[in-house]
file query03.pdb (PDB, C-alpha atoms and all ligand atoms)
MODEL        1
ATOM      1  CA  MET A 314     -10.463 -61.545  93.589
ATOM      2  CA  PRO A 315     -14.225 -62.085  94.101
ATOM      3  CA  ARG A 316     -15.288 -65.123  96.103
ATOM      4  CA  ILE A 317     -17.280 -67.804  94.315
ATOM      5  CA  ALA A 318     -19.953 -70.059  95.802
ATOM      6  CA  TYR A 319     -21.640 -73.142  94.396
ATOM      7  CA  VAL A 320     -25.439 -73.021  94.710
ATOM      8  CA  ASN A 321     -27.651 -75.751  93.256
ATOM      9  CA  GLY A 322     -25.745 -76.405  90.071
ATOM     10  CA  ARG A 323     -24.186 -72.993  89.493
ATOM     11  CA  TYR A 324     -20.982 -71.216  90.429
ATOM     12  CA  VAL A 325     -22.000 -67.693  91.396
ATOM     13  CA  ALA A 326     -20.441 -64.590  92.942
ATOM     14  CA  HIS A 327     -20.460 -65.124  96.712
ATOM     15  CA  ARG A 328     -22.053 -61.743  97.387
ATOM     16  CA  ASP A 329     -25.036 -62.625  95.154
ATOM     17  CA  ALA A 330     -25.354 -66.270  96.245
ATOM     18  CA  SER A 331     -28.783 -67.049  97.683
ATOM     19  CA  VAL A 332     -31.374 -69.741  98.197
ATOM     20  CA  HIS A 333     -35.143 -69.464  98.097
ATOM     21  CA  ILE A 334     -37.017 -68.133 101.165
ATOM     22  CA  GLU A 335     -38.857 -71.450 101.423
ATOM     23  CA  ASP A 336     -35.721 -73.533 101.532
ATOM     24  CA  ARG A 337     -36.315 -75.962 104.392
ATOM     25  CA  GLY A 338     -32.879 -75.240 105.799
ATOM     26  CA  TYR A 339     -33.972 -71.641 106.286
ATOM     27  CA  GLN A 340     -37.414 -72.444 107.690
ATOM     28  CA  PHE A 341     -36.892 -75.642 109.696
ATOM     29  CA  ALA A 342     -33.108 -76.083 109.988
ATOM     30  CA  ASP A 343     -33.914 -79.194 107.934
ATOM     31  CA  GLY A 344     -30.404 -79.683 106.673
ATOM     32  CA  VAL A 345     -26.945 -81.039 107.377
ATOM     33  CA  TYR A 346     -23.446 -79.763 106.791
ATOM     34  CA  GLU A 347     -19.736 -80.510 106.838
ATOM     35  CA  VAL A 348     -16.653 -78.362 107.282
ATOM     36  CA  CYS A 349     -13.304 -79.635 105.997
ATOM     37  CA  GLU A 350      -9.983 -78.028 106.673
ATOM     38  CA  VAL A 351      -7.907 -77.041 103.655
ATOM     39  CA  ALA A 352      -4.218 -77.184 104.505
ATOM     40  CA  ARG A 353      -1.270 -76.692 102.188
ATOM     41  CA  GLY A 354      -3.579 -77.146  99.209
ATOM     42  CA  PHE A 355      -5.104 -80.410 100.441
ATOM     43  CA  ILE A 356      -8.604 -81.125 101.683
ATOM     44  CA  VAL A 357      -8.038 -82.868 105.010
ATOM     45  CA  ASP A 358      -9.857 -86.137 105.773
ATOM     46  CA  MET A 359     -12.323 -85.672 102.924
ATOM     47  CA  PRO A 360     -13.444 -89.343 102.794
ATOM     48  CA  ARG A 361     -14.252 -89.366 106.516
ATOM     49  CA  HIS A 362     -16.226 -86.139 106.203
ATOM     50  CA  LEU A 363     -18.198 -87.570 103.279
ATOM     51  CA  ASP A 364     -18.827 -90.790 105.203
ATOM     52  CA  ARG A 365     -20.254 -88.730 108.058
ATOM     53  CA  LEU A 366     -22.345 -86.704 105.588
ATOM     54  CA  GLU A 367     -23.732 -89.959 104.242
ATOM     55  CA  ARG A 368     -24.699 -91.002 107.760
ATOM     56  CA  SER A 369     -26.310 -87.617 108.546
ATOM     57  CA  LEU A 370     -28.351 -87.788 105.326
ATOM     58  CA  LYS A 371     -29.415 -91.347 106.052
ATOM     59  CA  GLU A 372     -30.486 -90.561 109.621
ATOM     60  CA  LEU A 373     -32.742 -87.800 108.284
ATOM     61  CA  SER A 374     -33.992 -89.806 105.256
ATOM     62  CA  MET A 375     -32.512 -87.209 102.938
ATOM     63  CA  ALA A 376     -31.108 -88.001  99.497
ATOM     64  CA  TRP A 377     -27.677 -87.019  98.205
ATOM     65  CA  PRO A 378     -28.123 -83.816  96.162
ATOM     66  CA  VAL A 379     -25.456 -85.078  93.735
ATOM     67  CA  SER A 380     -23.365 -88.247  93.815
ATOM     68  CA  ARG A 381     -20.471 -88.471  96.233
ATOM     69  CA  ARG A 382     -18.035 -88.355  93.323
ATOM     70  CA  VAL A 383     -19.611 -85.207  91.879
ATOM     71  CA  LEU A 384     -19.692 -83.583  95.320
ATOM     72  CA  MET A 385     -15.949 -84.165  95.623
ATOM     73  CA  LEU A 386     -15.425 -82.495  92.241
ATOM     74  CA  ILE A 387     -17.565 -79.516  93.301
ATOM     75  CA  MET A 388     -15.685 -79.128  96.595
ATOM     76  CA  ARG A 389     -12.358 -79.158  94.757
ATOM     77  CA  GLU A 390     -13.646 -76.698  92.178
ATOM     78  CA  VAL A 391     -14.889 -74.271  94.842
ATOM     79  CA  VAL A 392     -11.542 -74.478  96.647
ATOM     80  CA  ARG A 393      -9.734 -73.916  93.345
ATOM     81  CA  ARG A 394     -11.915 -71.020  92.202
ATOM     82  CA  ASN A 395     -11.403 -69.264  95.530
ATOM     83  CA  ARG A 396      -7.654 -70.012  95.482
ATOM     84  CA  VAL A 397      -7.764 -71.405  98.984
ATOM     85  CA  SER A 398      -4.615 -73.186 100.050
ATOM     86  CA  THR A 399      -5.144 -72.646 103.792
ATOM     87  CA  GLY A 400      -8.707 -72.331 104.983
ATOM     88  CA  LEU A 401     -11.875 -74.337 104.904
ATOM     89  CA  VAL A 402     -14.518 -75.704 102.599
ATOM     90  CA  TYR A 403     -18.127 -75.738 103.812
ATOM     91  CA  LEU A 404     -20.974 -77.752 102.353
ATOM     92  CA  GLN A 405     -24.641 -77.743 103.259
ATOM     93  CA  VAL A 406     -27.434 -80.002 102.084
ATOM     94  CA  THR A 407     -31.070 -79.243 102.892
ATOM     95  CA  ARG A 408     -34.258 -81.114 102.102
ATOM     96  CA  GLY A 409     -34.940 -78.522  99.424
ATOM     97  CA  VAL A 410     -37.465 -75.834  98.601
ATOM     98  CA  ALA A 411     -41.149 -76.489  99.228
ATOM     99  CA  SER A 412     -44.260 -74.736 100.418
ATOM    100  CA  ARG A 413     -43.996 -74.547 104.226
ATOM    101  CA  ASP A 414     -45.297 -77.761 105.748
ATOM    102  CA  PHE A 415     -43.692 -79.833 108.487
ATOM    103  CA  VAL A 416     -43.887 -83.219 106.774
ATOM    104  CA  PHE A 417     -41.336 -84.173 104.120
ATOM    105  CA  PRO A 418     -42.218 -82.703 100.714
ATOM    106  CA  GLN A 419     -42.586 -85.163  97.834
ATOM    107  CA  GLY A 420     -40.575 -84.937  94.622
ATOM    108  CA  VAL A 421     -38.329 -82.143  95.880
ATOM    109  CA  HIS A 422     -34.633 -82.133  95.100
ATOM    110  CA  PRO A 423     -32.264 -81.450  98.023
ATOM    111  CA  SER A 424     -30.426 -78.118  97.939
ATOM    112  CA  LEU A 425     -26.632 -78.017  97.877
ATOM    113  CA  VAL A 426     -24.418 -75.060  98.748
ATOM    114  CA  VAL A 427     -20.614 -75.221  98.821
ATOM    115  CA  THR A 428     -18.380 -72.338  99.870
ATOM    116  CA  ALA A 429     -14.689 -72.008 100.678
ATOM    117  CA  ARG A 430     -12.686 -69.351 102.398
ATOM    118  CA  LYS A 431      -9.114 -68.527 103.210
ATOM    119  CA  VAL A 432      -7.969 -68.459 106.822
ATOM    120  CA  ASP A 433      -4.840 -66.720 108.053
ATOM    121  CA  PRO A 434      -2.368 -69.644 108.245
ATOM    122  CA  GLY A 435      -0.849 -68.324 111.476
ATOM    123  CA  PHE A 436      -4.080 -67.708 113.383
ATOM    124  CA  GLN A 437      -4.622 -71.157 114.919
ATOM    125  CA  ALA A 438      -0.881 -71.653 115.399
ATOM    126  CA  ARG A 439      -0.685 -68.447 117.449
ATOM    127  CA  ARG A 440      -3.691 -69.519 119.485
ATOM    128  CA  ALA A 441      -2.069 -72.865 120.187
ATOM    129  CA  GLU A 442       0.934 -71.076 121.661
ATOM    130  CA  THR A 443      -1.168 -69.575 124.443
ATOM    131  CA  GLY A 444      -4.095 -71.994 124.550
ATOM    132  CA  ILE A 445      -7.768 -71.124 124.902
ATOM    133  CA  LYS A 446     -10.203 -70.591 127.751
ATOM    134  CA  VAL A 447     -13.455 -72.465 128.126
ATOM    135  CA  VAL A 448     -16.711 -71.850 130.009
ATOM    136  CA  THR A 449     -19.145 -74.623 130.828
ATOM    137  CA  VAL A 450     -22.860 -74.409 130.034
ATOM    138  CA  PRO A 451     -25.731 -76.822 130.745
ATOM    139  CA  GLU A 452     -26.688 -79.093 127.860
ATOM    140  CA  THR A 453     -29.782 -77.662 126.162
ATOM    141  CA  ARG A 454     -29.602 -79.412 122.798
ATOM    142  CA  TRP A 455     -31.768 -82.196 121.409
ATOM    143  CA  ASP A 456     -30.870 -85.845 121.730
ATOM    144  CA  ARG A 457     -29.581 -86.322 118.169
ATOM    145  CA  VAL A 458     -26.476 -84.139 118.166
ATOM    146  CA  ASP A 459     -24.706 -87.139 116.621
ATOM    147  CA  ILE A 460     -26.253 -85.866 113.358
ATOM    148  CA  LYS A 461     -24.441 -82.829 112.000
ATOM    149  CA  THR A 462     -27.493 -80.636 111.386
ATOM    150  CA  VAL A 463     -27.608 -76.909 110.739
ATOM    151  CA  GLY A 464     -29.880 -76.538 113.806
ATOM    152  CA  LEU A 465     -27.185 -74.848 115.891
ATOM    153  CA  LEU A 466     -29.011 -72.278 118.007
ATOM    154  CA  PRO A 467     -27.919 -73.721 121.394
ATOM    155  CA  ASN A 468     -24.357 -73.746 120.043
ATOM    156  CA  VAL A 469     -24.704 -70.122 118.961
ATOM    157  CA  LEU A 470     -25.920 -69.115 122.428
ATOM    158  CA  ALA A 471     -23.221 -71.143 124.175
ATOM    159  CA  LYS A 472     -20.427 -69.691 122.066
ATOM    160  CA  GLN A 473     -21.769 -66.173 122.540
ATOM    161  CA  LYS A 474     -21.713 -66.781 126.289
ATOM    162  CA  ALA A 475     -18.113 -67.958 125.981
ATOM    163  CA  LYS A 476     -17.189 -64.821 124.099
ATOM    164  CA  GLU A 477     -18.829 -62.580 126.675
ATOM    165  CA  ALA A 478     -16.845 -64.393 129.376
ATOM    166  CA  GLY A 479     -13.586 -63.728 127.506
ATOM    167  CA  CYS A 480     -13.366 -67.388 126.426
ATOM    168  CA  GLN A 481     -13.032 -69.056 123.037
ATOM    169  CA  GLU A 482     -15.205 -72.142 123.524
ATOM    170  CA  ALA A 483     -18.128 -73.375 125.629
ATOM    171  CA  TRP A 484     -18.378 -76.947 126.888
ATOM    172  CA  PHE A 485     -21.835 -78.491 127.189
ATOM    173  CA  VAL A 486     -22.173 -80.352 130.491
ATOM    174  CA  ASP A 487     -24.778 -83.051 131.150
ATOM    175  CA  ILE A 488     -27.023 -83.276 134.180
ATOM    176  CA  GLU A 489     -24.427 -85.366 136.049
ATOM    177  CA  GLY A 490     -21.740 -82.725 135.622
ATOM    178  CA  LYS A 491     -19.932 -84.682 132.904
ATOM    179  CA  VAL A 492     -18.456 -82.827 129.944
ATOM    180  CA  LYS A 493     -20.105 -83.583 126.611
ATOM    181  CA  GLU A 494     -18.366 -81.515 123.921
ATOM    182  CA  GLY A 495     -17.764 -77.958 122.810
ATOM    183  CA  GLY A 496     -20.087 -75.688 120.855
ATOM    184  CA  SER A 497     -18.105 -76.572 117.732
ATOM    185  CA  SER A 498     -15.487 -79.054 118.933
ATOM    186  CA  ASN A 499     -14.921 -82.247 120.912
ATOM    187  CA  ALA A 500     -13.523 -82.111 124.443
ATOM    188  CA  TRP A 501     -10.527 -84.055 125.754
ATOM    189  CA  ILE A 502      -8.344 -84.288 128.835
ATOM    190  CA  VAL A 503      -4.975 -85.885 129.543
ATOM    191  CA  THR A 504      -4.755 -87.617 132.926
ATOM    192  CA  ARG A 505      -1.786 -87.470 135.303
ATOM    193  CA  ASP A 506      -0.596 -90.795 133.794
ATOM    194  CA  GLY A 507      -0.673 -89.412 130.252
ATOM    195  CA  LEU A 508      -3.880 -91.169 129.203
ATOM    196  CA  LEU A 509      -6.090 -89.335 126.687
ATOM    197  CA  VAL A 510      -9.738 -89.274 127.713
ATOM    198  CA  THR A 511     -12.718 -88.247 125.609
ATOM    199  CA  ARG A 512     -16.441 -88.952 125.861
ATOM    200  CA  PRO A 513     -17.793 -91.975 123.950
ATOM    201  CA  ALA A 514     -19.373 -90.898 120.663
ATOM    202  CA  ASP A 515     -22.225 -93.352 120.253
ATOM    203  CA  ARG A 516     -24.881 -90.734 121.062
ATOM    204  CA  GLY A 517     -24.979 -87.388 122.860
ATOM    205  CA  ILE A 518     -22.042 -85.839 121.018
ATOM    206  CA  LEU A 519     -20.918 -85.456 117.437
ATOM    207  CA  ARG A 520     -18.324 -88.010 116.338
ATOM    208  CA  GLY A 521     -15.747 -85.449 115.240
ATOM    209  CA  ILE A 522     -13.613 -86.376 112.266
ATOM    210  CA  THR A 523     -10.610 -84.739 113.917
ATOM    211  CA  ARG A 524     -11.403 -86.761 117.056
ATOM    212  CA  THR A 525     -11.332 -89.971 114.986
ATOM    213  CA  THR A 526      -8.068 -89.032 113.284
ATOM    214  CA  LEU A 527      -6.557 -88.090 116.655
ATOM    215  CA  PHE A 528      -7.113 -91.710 117.750
ATOM    216  CA  ASP A 529      -4.814 -92.682 114.862
ATOM    217  CA  VAL A 530      -2.325 -89.940 115.751
ATOM    218  CA  ALA A 531      -2.305 -91.066 119.397
ATOM    219  CA  GLY A 532      -1.642 -94.644 118.275
ATOM    220  CA  LYS A 533       1.304 -93.482 116.201
ATOM    221  CA  LEU A 534       2.731 -91.567 119.163
ATOM    222  CA  GLY A 535       2.261 -94.549 121.471
ATOM    223  CA  LEU A 536      -0.439 -92.782 123.526
ATOM    224  CA  LYS A 537      -3.492 -94.558 124.864
ATOM    225  CA  VAL A 538      -7.034 -93.203 124.430
ATOM    226  CA  GLU A 539      -9.849 -94.074 126.770
ATOM    227  CA  GLU A 540     -13.442 -93.267 125.766
ATOM    228  CA  ARG A 541     -15.208 -92.509 129.015
ATOM    229  CA  TYR A 542     -17.139 -89.770 130.739
ATOM    230  CA  PHE A 543     -15.173 -87.142 132.677
ATOM    231  CA  SER A 544     -16.459 -84.414 134.979
ATOM    232  CA  VAL A 545     -15.754 -80.694 134.902
ATOM    233  CA  GLU A 546     -13.860 -81.151 138.181
ATOM    234  CA  GLU A 547     -11.668 -83.868 136.678
ATOM    235  CA  ALA A 548     -10.944 -81.632 133.693
ATOM    236  CA  LYS A 549      -9.920 -78.732 135.936
ATOM    237  CA  ALA A 550      -7.530 -81.016 137.809
ATOM    238  CA  ALA A 551      -6.198 -82.732 134.668
ATOM    239  CA  ARG A 552      -2.627 -82.654 133.429
ATOM    240  CA  GLU A 553      -3.846 -81.175 130.148
ATOM    241  CA  ALA A 554      -7.120 -80.366 128.422
ATOM    242  CA  PHE A 555      -7.811 -79.645 124.785
ATOM    243  CA  ILE A 556     -10.465 -79.413 122.099
ATOM    244  CA  SER A 557     -10.512 -80.863 118.603
ATOM    245  CA  SER A 558     -12.215 -79.844 115.384
ATOM    246  CA  ALA A 559     -11.396 -79.563 111.700
ATOM    247  CA  THR A 560     -10.496 -75.902 112.050
ATOM    248  CA  THR A 561      -8.611 -76.045 115.370
ATOM    249  CA  ILE A 562      -7.011 -79.554 115.173
ATOM    250  CA  ALA A 563      -5.866 -80.227 118.777
ATOM    251  CA  MET A 564      -6.070 -76.900 120.605
ATOM    252  CA  PRO A 565      -4.844 -76.592 124.210
ATOM    253  CA  VAL A 566      -7.324 -75.483 126.890
ATOM    254  CA  VAL A 567      -5.580 -73.605 129.698
ATOM    255  CA  GLU A 568      -8.559 -72.410 131.729
ATOM    256  CA  ILE A 569     -11.989 -73.851 132.561
ATOM    257  CA  ASP A 570     -14.578 -71.621 134.276
ATOM    258  CA  GLY A 571     -11.777 -69.393 135.545
ATOM    259  CA  THR A 572      -9.715 -72.295 136.970
ATOM    260  CA  THR A 573      -6.264 -72.695 135.484
ATOM    261  CA  VAL A 574      -5.493 -76.139 134.066
ATOM    262  CA  ALA A 575      -2.098 -77.390 135.331
ATOM    263  CA  ASN A 576       0.395 -74.500 135.048
ATOM    264  CA  GLY A 577      -1.753 -72.522 132.611
ATOM    265  CA  GLN A 578       0.501 -73.362 129.669
ATOM    266  CA  PRO A 579      -0.437 -75.502 126.632
ATOM    267  CA  GLY A 580       0.300 -79.146 127.408
ATOM    268  CA  SER A 581       3.142 -80.962 125.676
ATOM    269  CA  ILE A 582       1.023 -84.003 124.776
ATOM    270  CA  THR A 583      -1.612 -81.785 123.130
ATOM    271  CA  LEU A 584       1.085 -79.989 121.174
ATOM    272  CA  SER A 585       2.653 -83.268 120.048
ATOM    273  CA  LEU A 586      -0.754 -84.466 118.777
ATOM    274  CA  ARG A 587      -1.175 -81.182 116.975
ATOM    275  CA  GLU A 588       2.255 -81.428 115.425
ATOM    276  CA  ALA A 589       1.804 -85.010 114.189
ATOM    277  CA  PHE A 590      -1.763 -84.543 112.969
ATOM    278  CA  PHE A 591      -1.080 -83.520 109.410
ATOM    279  CA  ASP A 592       1.269 -86.467 108.773
ATOM    280  CA  VAL A 593      -1.462 -88.910 109.776
ATOM    281  CA  ALA A 594      -4.592 -87.233 108.333
ATOM    282  CA  GLU A 595      -5.659 -88.190 104.822
ATOM    283  CA  LYS A 596      -4.827 -85.457 102.333
ATOM    284  CA  SER A 597      -6.904 -85.220  99.147
ATOM    285  CA  PRO A 598      -5.483 -82.854  96.531
ATOM    286  CA  ALA A 599      -7.755 -79.803  96.223
TER
HETATM  287  N1  LIG B   1     -18.756 -81.188 118.043
HETATM  288  C1  LIG B   1     -19.510 -80.218 117.494
HETATM  289  C2  LIG B   1     -20.789 -79.833 118.154
HETATM  290  C3  LIG B   1     -19.093 -79.580 116.308
HETATM  291  O1  LIG B   1     -19.856 -78.621 115.761
HETATM  292  C4  LIG B   1     -17.862 -79.954 115.720
HETATM  293  C5  LIG B   1     -17.388 -79.316 114.503
HETATM  294  O2  LIG B   1     -17.971 -78.403 113.978
HETATM  295  C6  LIG B   1     -17.109 -80.967 116.329
HETATM  296  C7  LIG B   1     -17.596 -81.573 117.480
HETATM  297  C8  LIG B   1     -15.790 -81.406 115.751
HETATM  298  O3  LIG B   1     -15.994 -82.134 114.587
HETATM  299  P1  LIG B   1     -14.883 -82.215 113.435
HETATM  300  O4  LIG B   1     -13.636 -82.722 114.082
HETATM  301  O5  LIG B   1     -15.450 -83.162 112.452
HETATM  302  O6  LIG B   1     -14.720 -80.828 112.908
ENDMDL
END
call {"tool": "encode", "arguments": {"input": "query03.pdb", "output": "structure tokens"}}
result
Amino acid sequence: MPRIAYVNGRYVAHRDASVHIEDRGYQFADGVYEVCEVARGFIVDMPRHLDRLERSLKELSMAWPVSRRVLMLIMREVVRRNRVSTGLVYLQVTRGVASRDFVFPQGVHPSLVVTARKVDPGFQARRAETGIKVVTVPETRWDRVDIKTVGLLPNVLAKQKAKEAGCQEAWFVDIEGKVKEGGSSNAWIVTRDGLLVTRPADRGILRGITRTTLFDVAGKLGLKVEERYFSVEEAKAAREAFISSATTIAMPVVEIDGTTVANGQPGSITLSLREAFFDVAEKSPA
């Protein structure tokens, strides 16, 4: 079955889907995006993702390409047309197509692309059974990583470095040696007393939707979350470490820069968060 993409008002064959060469996303990374998990036929935490999209657009003085309600319909339609019941739906909004000039173009409509794809339902589950390895890299990104922009080159380089080191994620570390977040995930540890620790999300990291929902999951499981800085050394010595994102949920980290975390096995608290996640997350029918 051919994949279908939504591009600026039309549903088109994925292989032919394209935007103009002067789209500002292409030329300036002048755009924002969201990725939602699709699980068991539901779009997970859709309202929270759209709230964050609204914030990203506002921070960049960009208009909605279509109304929020219409965007929800398009996302559902793309998921339906691609028959995705386990996978993800991706949306990208850019400032639109205009003759190349740094300042905002006038009277230009934002571009909207929505795609969806199937993911092997067992892939993340198998990964969670062994856990993942992480390398640390110095923070090289701009100051506004709280906005989910498509300007992801430092993330690309960091994740490539992780891959070359035989790892699955890279953690950005600030100048004080404190962990910020992953190339495409938030970073967490569990202390010896069973406290969940993750970096505050006011600025300097992306406020992950999965991170937010995991606060709710933790509450349901009677676990406490502390938002504070933690160092690479503290993470290596932690009882557990894990990452969170829409595609990975809570994913155990068993090695950091070649140092084994605890006994090198996925932590039980991480796995219990993972297990309870879907019951707590908001599920919008796709
Ligand atoms: N941090 C970064 C840099 C990301 O790119 C992502 C997701 O892509 C996250 C955190 C996790 O966010 P979410 O849980 O909304 O997927």
call {"tool": "resolve_selection", "arguments": {"input": "query03.pdb", "expression": "the PyMOL selection byres (((chain A and resi 445-462) around 8) and not hetatm)", "output": "MDAnalysis selection string"}}
result
chainID A and resid 342:347 366 368:369 372 440:441 443:444 463:465 467 471 475 478:488 514:520 564:571
call {"tool": "axis_aligned_box", "arguments": {"input": "query03.pdb", "around": "ligand LIG 1 (chain B)", "padding_each_side": "5 Å", "output": "AutoDock Vina command-line options"}}
result
--center_x -17.2 --center_y -80.8 --center_z 115.3 --size_x 17.2 --size_y 14.8 --size_z 15.7
call {"tool": "residues_around", "arguments": {"input": "query03.pdb", "residues": "Arg381 (chain A)", "least_positions_apart": "4", "cutoff": "8 Å", "atoms": "all atoms listed in the file", "output": "JSON, numbers by chain"}}
result
{"A": [363, 377, 385]}
call {"tool": "residues_near_ligand", "arguments": {"input": "query03.pdb", "ligand": "ligand LIG 1 (chain B)", "cutoff": "8 Å", "atoms": "all atoms listed in the file", "output": "compact mmCIF listing (two decimals) with C-alpha atoms, in the frame of the given file"}}
result
# COMPACT_ATOMS: atom_id res chain seq x y z
CA GLU A 347 -19.74 -80.51 106.84
CA VAL A 348 -16.65 -78.36 107.28
CA CYS A 349 -13.30 -79.64 106.00
CA HIS A 362 -16.23 -86.14 106.20
CA VAL A 458 -26.48 -84.14 118.17
CA LYS A 461 -24.44 -82.83 112.00
CA ASN A 468 -24.36 -73.75 120.04
CA GLU A 494 -18.37 -81.52 123.92
CA GLY A 495 -17.76 -77.96 122.81
CA GLY A 496 -20.09 -75.69 120.86
CA SER A 497 -18.10 -76.57 117.73
CA SER A 498 -15.49 -79.05 118.93
CA ASN A 499 -14.92 -82.25 120.91
CA ILE A 518 -22.04 -85.84 121.02
CA LEU A 519 -20.92 -85.46 117.44
CA ARG A 520 -18.32 -88.01 116.34
CA GLY A 521 -15.75 -85.45 115.24
CA ILE A 522 -13.61 -86.38 112.27
CA THR A 523 -10.61 -84.74 113.92
CA ARG A 524 -11.40 -86.76 117.06
CA THR A 525 -11.33 -89.97 114.99
CA SER A 557 -10.51 -80.86 118.60
CA SER A 558 -12.22 -79.84 115.38
CA ALA A 559 -11.40 -79.56 111.70
CA THR A 560 -10.50 -75.90 112.05
CA ILE A 562 -7.01 -79.55 115.17
call {"tool": "closest_residue", "arguments": {"input": "query03.pdb", "among": "A:Arg439, A:Lys371, A:His333, A:Lys472", "to": "Gly409 (chain A)", "atoms": "all atoms listed in the file"}}
result
A:His333
call {"tool": "residues_near_point", "arguments": {"input": "query03.pdb", "point": "(-42.8, -81.9, 101.4)", "cutoff": "12 Å", "atoms": "all atoms listed in the file", "output": "ChimeraX atom specification"}}
result
/A:335-337,341,343,375,408-423
call {"tool": "closest_residue", "arguments": {"input": "query03.pdb", "among": "A:Val332, A:Arg394, A:Gly532, A:Met388", "to": "Pro315 (chain A)", "atoms": "only C-alpha atoms"}}
result
A:Arg394
call {"tool": "resolve_selection", "arguments": {"input": "query03.pdb", "expression": "the PyMOL selection byres (((chain A and resi 387) around 10) and not hetatm)", "output": "list of chain:residue names"}}
result
A:Tyr319, A:Gly322, A:Tyr324, A:Val379, A:Arg381, A:Arg382, A:Val383, A:Leu384, A:Met385, A:Leu386, A:Met388, A:Arg389, A:Glu390, A:Val391, A:Val392, A:Arg393, A:Leu404, A:Val426, A:Val427, A:Thr428
call {"tool": "resolve_selection", "arguments": {"input": "query03.pdb", "expression": "the PyMOL selection byres (((chain A and resi 544) around 7) and not hetatm)", "output": "list of chain:residue names"}}
result
A:Gly490, A:Lys491, A:Val492, A:Tyr542, A:Phe543, A:Val545, A:Glu546, A:Glu547, A:Ala548
call {"tool": "closest_residue", "arguments": {"input": "query03.pdb", "among": "A:Arg541, A:Arg365, A:Arg396, A:Lys533", "to": "Asp592 (chain A)", "atoms": "all atoms listed in the file"}}
result
A:Lys533
call {"tool": "atom_distance", "arguments": {"input": "query03.pdb", "atom1": "CA of Val538 (chain A)", "atom2": "CA of Ala551 (chain A)"}}
result
14.7 Å
call {"tool": "residues_around", "arguments": {"input": "query03.pdb", "residues": "Asp506 (chain A)", "least_positions_apart": "5", "cutoff": "12 Å", "atoms": "only C-alpha atoms", "output": "short mmCIF file (atom, residue, chain, number, x, y, z; two decimals) with C-alpha atoms, keeping the file's coordinate frame"}}
result
data_model
loop_
_atom_site.label_atom_id
_atom_site.label_comp_id
_atom_site.auth_asym_id
_atom_site.auth_seq_id
_atom_site.Cartn_x
_atom_site.Cartn_y
_atom_site.Cartn_z
CA LEU A 536 -0.44 -92.78 123.53
CA LYS A 537 -3.49 -94.56 124.86
CA VAL A 538 -7.03 -93.20 124.43
CA ALA A 551 -6.20 -82.73 134.67
CA ARG A 552 -2.63 -82.65 133.43
CA GLU A 553 -3.85 -81.18 130.15
CA ILE A 582 1.02 -84.00 124.78
#
call {"tool": "atom_distance", "arguments": {"input": "query03.pdb", "atom1": "CA of Arg353 (chain A)", "atom2": "CA of Ser398 (chain A)"}}
result
5.3 Å
call {"tool": "residues_near_point", "arguments": {"input": "query03.pdb", "point": "(1.0, -84.8, 120.5)", "cutoff": "10 Å", "atoms": "all atoms listed in the file", "output": "PyMOL selection string"}}
result
chain A and resi 527+530-531+533-536+563+580-590
call {"tool": "write_last_selection", "arguments": {"input": "query03.pdb", "atoms": "C-alpha atoms", "output": "compact mmCIF listing (two decimals), in the frame of the given file"}}
result
# COMPACT_ATOMS: atom_id res chain seq x y z
CA LEU A 527 -6.56 -88.09 116.66
CA VAL A 530 -2.33 -89.94 115.75
CA ALA A 531 -2.31 -91.07 119.40
CA LYS A 533 1.30 -93.48 116.20
CA LEU A 534 2.73 -91.57 119.16
CA GLY A 535 2.26 -94.55 121.47
CA LEU A 536 -0.44 -92.78 123.53
CA ALA A 563 -5.87 -80.23 118.78
CA GLY A 580 0.30 -79.15 127.41
CA SER A 581 3.14 -80.96 125.68
CA ILE A 582 1.02 -84.00 124.78
CA THR A 583 -1.61 -81.78 123.13
CA LEU A 584 1.08 -79.99 121.17
CA SER A 585 2.65 -83.27 120.05
CA LEU A 586 -0.75 -84.47 118.78
CA ARG A 587 -1.18 -81.18 116.98
CA GLU A 588 2.26 -81.43 115.42
CA ALA A 589 1.80 -85.01 114.19
CA PHE A 590 -1.76 -84.54 112.97
call {"tool": "closest_residue", "arguments": {"input": "query03.pdb", "among": "A:Val357, A:Val503, A:Ile334, A:Val510", "to": "Ala550 (chain A)", "atoms": "only C-alpha atoms"}}
result
A:Val503
